[in-house]
Amino acid sequence: LYVFKEYDGSMPVIGLDLDEVLWAVMPSYLTELSAITGQTYLMENFHEYNMCRSLGVSEKLVHHVLNNTDAFCNVEPYTYSESLVRMLRQGVITPSYGLAAEPHYIAFITHRGFRPDGFIKTFDLLKSFGILPDALIAAPMAQSKLDVMDELYQDNIVLIFEDCPKNIDEFVSASIPVAKHIQPWNKNVWADYTIDLNKQINPF
């Protein structure tokens, strides 16, 4: 956990995932997989969140690509990511997501903590793109984002931006509104809002 702005315990909190929500990293993983195997893997190949089952590759190969290559750092922010974060913080766009037009506390919560260098590399990427939260949380892969957010912010969590079906379902089940960043693996997953930050800043 790295805190850029101390939380005062009263502000409404918005949580945002990073990979495939604020920036794209999966194309880099697919490029790496394609180079190693000689196959061509595309985003369209995904029919579920699990990379091994969707692409027909081994867990060992996926583990290698995620942990031992530079693909982890080859990310590309979506067109409206910086604008979204800034306008959510200011409360300018929050009414589009059913929230009051007032400042909100912005927490980035990611499972990029699965790599020993995950936190520092993620921190450096965010600084380079000028997309900074009020708090950055890098959780281990197996740790529930809902549990982490609940421990830190309790009932002040008012909205979550996610792409992972399991995480979406957990927050929805906890009655926390979710904005789903549309991806091939979550097209059929229900969420309160659906977004595509390469096309627009508002949900559709």
# chains A, B, ... in the order shown; residues from 1 in each chain; ligands from 1

$ select_by_dssp --residues "chain A" --states "alpha helix (DSSP H)" --output "ChimeraX atom specification"
/A:26-37,51-55,59-68,81-90,118-129,145-153,165-173

$ residues_around --residues "His64 of chain A" --least-positions-apart "6" --cutoff "12 Å" --atoms "only C-alpha atoms" --output "ChimeraX atom specification"
/A:29,32-33,36,57-58,70-72,115

$ closest_residue --among "A:Ile182, A:Val189, A:Ile195, A:Met51" --to "Asp169 of chain A" --atoms "only C-alpha atoms"
A:Val189

$ residues_around --residues "Ser28 of chain A" --least-positions-apart "5" --cutoff "12 Å" --atoms "only C-alpha atoms" --output "list of chain:residue names"
A:Asp19, A:Glu20, A:Trp23, A:Leu33, A:Ser34, A:Ala35, A:Tyr41, A:Leu42, A:Met43, A:Val65, A:Leu66, A:Thr69, A:Asp70, A:Ala71, A:Phe72, A:Cys73, A:Asn74, A:Val75, A:Glu76

$ write_last_selection --atoms "C-alpha atoms" --output "CSV table (one decimal), in the first residue's frame"
chain,number,residue,atom,x,y,z
A,19,ASP,CA,-4.9,-4.2,-16.1
A,20,GLU,CA,-7.6,-4.2,-18.8
A,23,TRP,CA,-4.6,0.2,-19.3
A,33,LEU,CA,3.1,-16.1,-26.2
A,34,SER,CA,2.9,-15.9,-30.0
A,35,ALA,CA,6.7,-15.3,-30.2
A,41,TYR,CA,-3.0,-15.4,-30.3
A,42,LEU,CA,-5.5,-12.6,-30.4
A,43,MET,CA,-7.9,-10.9,-27.9
A,65,VAL,CA,5.3,-15.0,-19.6
A,66,LEU,CA,3.7,-13.3,-16.6
A,69,THR,CA,9.3,-11.3,-19.4
A,70,ASP,CA,9.0,-7.6,-19.9
A,71,ALA,CA,5.4,-7.9,-21.1
A,72,PHE,CA,4.3,-7.0,-17.6
A,73,CYS,CA,5.5,-3.5,-18.2
A,74,ASN,CA,4.4,-3.0,-21.8
A,75,VAL,CA,1.1,-1.4,-21.0
A,76,GLU,CA,-0.9,1.1,-23.0

$ closest_residue --among "A:Leu16, A:Leu30, A:Met11, A:Val92" --to "Pro133 of chain A" --atoms "only C-alpha atoms"
A:Leu16

$ residues_around --residues "Lys199 of chain A" --least-positions-apart "2" --cutoff "9 Å" --atoms "only C-alpha atoms" --output "MDAnalysis selection string"
chainID A and resid 78:80 195:197 201

$ write_last_selection --atoms "N, CA, C and O atoms" --output "PDB file, in the first residue's frame"
ATOM      1  N   TYR A  78      -5.715   3.263 -21.799  1.00  0.00           N
ATOM      2  CA  TYR A  78      -6.853   3.496 -22.679  1.00  0.00           C
ATOM      3  C   TYR A  78      -7.033   5.003 -22.865  1.00  0.00           C
ATOM      4  O   TYR A  78      -6.624   5.812 -22.026  1.00  0.00           O
ATOM      5  N   THR A  79      -7.665   5.371 -23.949  1.00  0.00           N
ATOM      6  CA  THR A  79      -7.754   6.771 -24.370  1.00  0.00           C
ATOM      7  C   THR A  79      -8.246   7.710 -23.277  1.00  0.00           C
ATOM      8  O   THR A  79      -7.703   8.801 -23.081  1.00  0.00           O
ATOM      9  N   TYR A  80      -9.278   7.282 -22.543  1.00  0.00           N
ATOM     10  CA  TYR A  80      -9.919   8.183 -21.581  1.00  0.00           C
ATOM     11  C   TYR A  80      -9.576   7.869 -20.126  1.00  0.00           C
ATOM     12  O   TYR A  80     -10.245   8.369 -19.217  1.00  0.00           O
ATOM     13  N   ILE A 195     -18.394   0.074 -19.503  1.00  0.00           N
ATOM     14  CA  ILE A 195     -17.607   1.149 -20.106  1.00  0.00           C
ATOM     15  C   ILE A 195     -16.636   0.594 -21.131  1.00  0.00           C
ATOM     16  O   ILE A 195     -16.304  -0.590 -21.115  1.00  0.00           O
ATOM     17  N   ASP A 196     -16.181   1.454 -22.007  1.00  0.00           N
ATOM     18  CA  ASP A 196     -15.092   1.173 -22.937  1.00  0.00           C
ATOM     19  C   ASP A 196     -14.282   2.455 -23.042  1.00  0.00           C
ATOM     20  O   ASP A 196     -14.656   3.385 -23.755  1.00  0.00           O
ATOM     21  N   LEU A 197     -13.194   2.530 -22.293  1.00  0.00           N
ATOM     22  CA  LEU A 197     -12.425   3.767 -22.190  1.00  0.00           C
ATOM     23  C   LEU A 197     -11.595   4.081 -23.423  1.00  0.00           C
ATOM     24  O   LEU A 197     -10.925   5.102 -23.470  1.00  0.00           O
ATOM     25  N   ILE A 201     -15.912   8.222 -22.117  1.00  0.00           N
ATOM     26  CA  ILE A 201     -15.676   8.293 -20.675  1.00  0.00           C
ATOM     27  C   ILE A 201     -16.918   7.903 -19.873  1.00  0.00           C
ATOM     28  O   ILE A 201     -16.828   7.485 -18.726  1.00  0.00           O
TER      29      ILE A 201
END

$ atom_distance --atom1 "atom CA of Glu151 of chain A" --atom2 "atom CA of Ala135 of chain A"
13.9 Å

$ closest_residue --among "A:Arg86, A:Tyr97, A:Phe108, A:Ala138" --to "Pro177 of chain A" --atoms "only C-alpha atoms"
A:Tyr97

$ atom_distance --atom1 "atom CA of Ala100 of chain A" --atom2 "atom CA of Ser10 of chain A"
14.1 Å

$ select_by_dssp --residues "segment 37-180 of chain A" --states "strand (DSSP E or B)" --output "NGL selection string"
:A and (76-77 or 105-110 or 135-138 or 157-162 or 178-180)

$ decode --residues "segment 90-119 of chain A" --atoms "N, CA, C and O atoms" --output "compact mmCIF listing (two decimals), in the first residue's frame"
# COMPACT_ATOMS: atom_id res chain seq x y z
N GLN A 90 -12.57 14.70 -8.95
CA GLN A 90 -13.17 16.03 -8.81
C GLN A 90 -14.69 15.97 -8.62
O GLN A 90 -15.30 16.95 -8.18
N GLY A 91 -15.28 14.83 -8.96
CA GLY A 91 -16.74 14.71 -8.85
C GLY A 91 -17.48 15.24 -10.06
O GLY A 91 -18.69 15.38 -10.05
N VAL A 92 -16.74 15.52 -11.15
CA VAL A 92 -17.35 16.08 -12.35
C VAL A 92 -18.21 15.05 -13.07
O VAL A 92 -19.31 15.36 -13.54
N ILE A 93 -17.71 13.81 -13.15
CA ILE A 93 -18.41 12.79 -13.91
C ILE A 93 -19.13 11.77 -13.03
O ILE A 93 -19.82 10.88 -13.53
N THR A 94 -19.02 11.91 -11.73
CA THR A 94 -19.62 10.91 -10.84
C THR A 94 -21.14 10.75 -11.01
O THR A 94 -21.65 9.64 -10.85
N PRO A 95 -21.90 11.81 -11.35
CA PRO A 95 -23.34 11.59 -11.55
C PRO A 95 -23.65 10.60 -12.67
O PRO A 95 -24.70 9.93 -12.64
N SER A 96 -22.76 10.46 -13.65
CA SER A 96 -22.97 9.48 -14.72
C SER A 96 -22.92 8.05 -14.18
O SER A 96 -23.39 7.12 -14.84
N TYR A 97 -22.33 7.91 -13.01
CA TYR A 97 -22.24 6.60 -12.36
C TYR A 97 -23.11 6.51 -11.12
O TYR A 97 -22.86 5.72 -10.21
N GLY A 98 -24.13 7.35 -11.07
CA GLY A 98 -25.10 7.29 -9.98
C GLY A 98 -24.61 7.84 -8.66
O GLY A 98 -25.18 7.54 -7.61
N LEU A 99 -23.55 8.68 -8.69
CA LEU A 99 -22.97 9.21 -7.46
C LEU A 99 -23.14 10.72 -7.38
O LEU A 99 -23.40 11.38 -8.38
N ALA A 100 -22.95 11.25 -6.19
CA ALA A 100 -23.08 12.69 -5.99
C ALA A 100 -21.97 13.44 -6.71
O ALA A 100 -20.86 12.93 -6.90
N ALA A 101 -22.26 14.66 -7.10
CA ALA A 101 -21.27 15.52 -7.76
C ALA A 101 -20.40 16.18 -6.70
O ALA A 101 -20.55 17.36 -6.37
N GLU A 102 -19.49 15.40 -6.14
CA GLU A 102 -18.61 15.86 -5.08
C GLU A 102 -17.28 15.12 -5.19
O GLU A 102 -17.20 14.07 -5.84
N PRO A 103 -16.22 15.63 -4.60
CA PRO A 103 -14.92 14.94 -4.67
C PRO A 103 -14.97 13.53 -4.09
O PRO A 103 -15.69 13.28 -3.11
N HIS A 104 -14.23 12.63 -4.70
CA HIS A 104 -14.15 11.25 -4.24
C HIS A 104 -12.69 10.85 -4.04
O HIS A 104 -11.79 11.38 -4.69
N TYR A 105 -12.48 9.90 -3.13
CA TYR A 105 -11.13 9.36 -2.87
C TYR A 105 -10.91 8.23 -3.87
O TYR A 105 -11.74 7.34 -4.03
N ILE A 106 -9.75 8.26 -4.54
CA ILE A 106 -9.47 7.31 -5.61
C ILE A 106 -8.41 6.30 -5.17
O ILE A 106 -7.27 6.68 -4.86
N ALA A 107 -8.80 5.03 -5.14
CA ALA A 107 -7.88 3.95 -4.78
C ALA A 107 -7.71 3.01 -5.97
O ALA A 107 -8.70 2.50 -6.50
N PHE A 108 -6.47 2.81 -6.41
CA PHE A 108 -6.19 1.81 -7.42
C PHE A 108 -5.89 0.51 -6.70
O PHE A 108 -5.01 0.46 -5.83
N ILE A 109 -6.62 -0.56 -7.05
CA ILE A 109 -6.37 -1.85 -6.42
C ILE A 109 -6.13 -2.89 -7.51
O ILE A 109 -6.95 -3.09 -8.39
N THR A 110 -4.98 -3.52 -7.46
CA THR A 110 -4.54 -4.43 -8.50
C THR A 110 -3.93 -5.68 -7.90
O THR A 110 -3.45 -5.66 -6.76
N HIS A 111 -3.96 -6.77 -8.67
CA HIS A 111 -3.30 -8.00 -8.25
C HIS A 111 -1.88 -8.09 -8.83
O HIS A 111 -1.30 -9.17 -8.90
N ARG A 112 -1.33 -6.94 -9.23
CA ARG A 112 0.03 -6.93 -9.76
C ARG A 112 1.07 -7.26 -8.69
O ARG A 112 2.26 -7.38 -8.99
N GLY A 113 0.62 -7.45 -7.47
CA GLY A 113 1.53 -7.86 -6.40
C GLY A 113 1.97 -9.30 -6.53
O GLY A 113 2.75 -9.79 -5.70
N PHE A 114 1.51 -10.01 -7.59
CA PHE A 114 1.94 -11.40 -7.76
C PHE A 114 3.42 -11.48 -8.12
O PHE A 114 4.04 -12.53 -7.96
N ARG A 115 4.02 -10.38 -8.62
CA ARG A 115 5.45 -10.36 -8.90
C ARG A 115 6.18 -9.61 -7.80
O ARG A 115 5.67 -8.61 -7.28
N PRO A 116 7.37 -10.07 -7.41
CA PRO A 116 8.14 -9.36 -6.39
C PRO A 116 8.40 -7.89 -6.76
O PRO A 116 8.46 -7.03 -5.89
N ASP A 117 8.54 -7.64 -8.06
CA ASP A 117 8.78 -6.27 -8.51
C ASP A 117 7.49 -5.58 -8.97
O ASP A 117 7.52 -4.50 -9.54
N GLY A 118 6.37 -6.23 -8.71
CA GLY A 118 5.10 -5.74 -9.22
C GLY A 118 4.73 -4.35 -8.74
O GLY A 118 4.28 -3.51 -9.52
N PHE A 119 4.94 -4.11 -7.46
CA PHE A 119 4.52 -2.82 -6.91
C PHE A 119 5.35 -1.68 -7.47
O PHE A 119 4.80 -0.68 -7.95
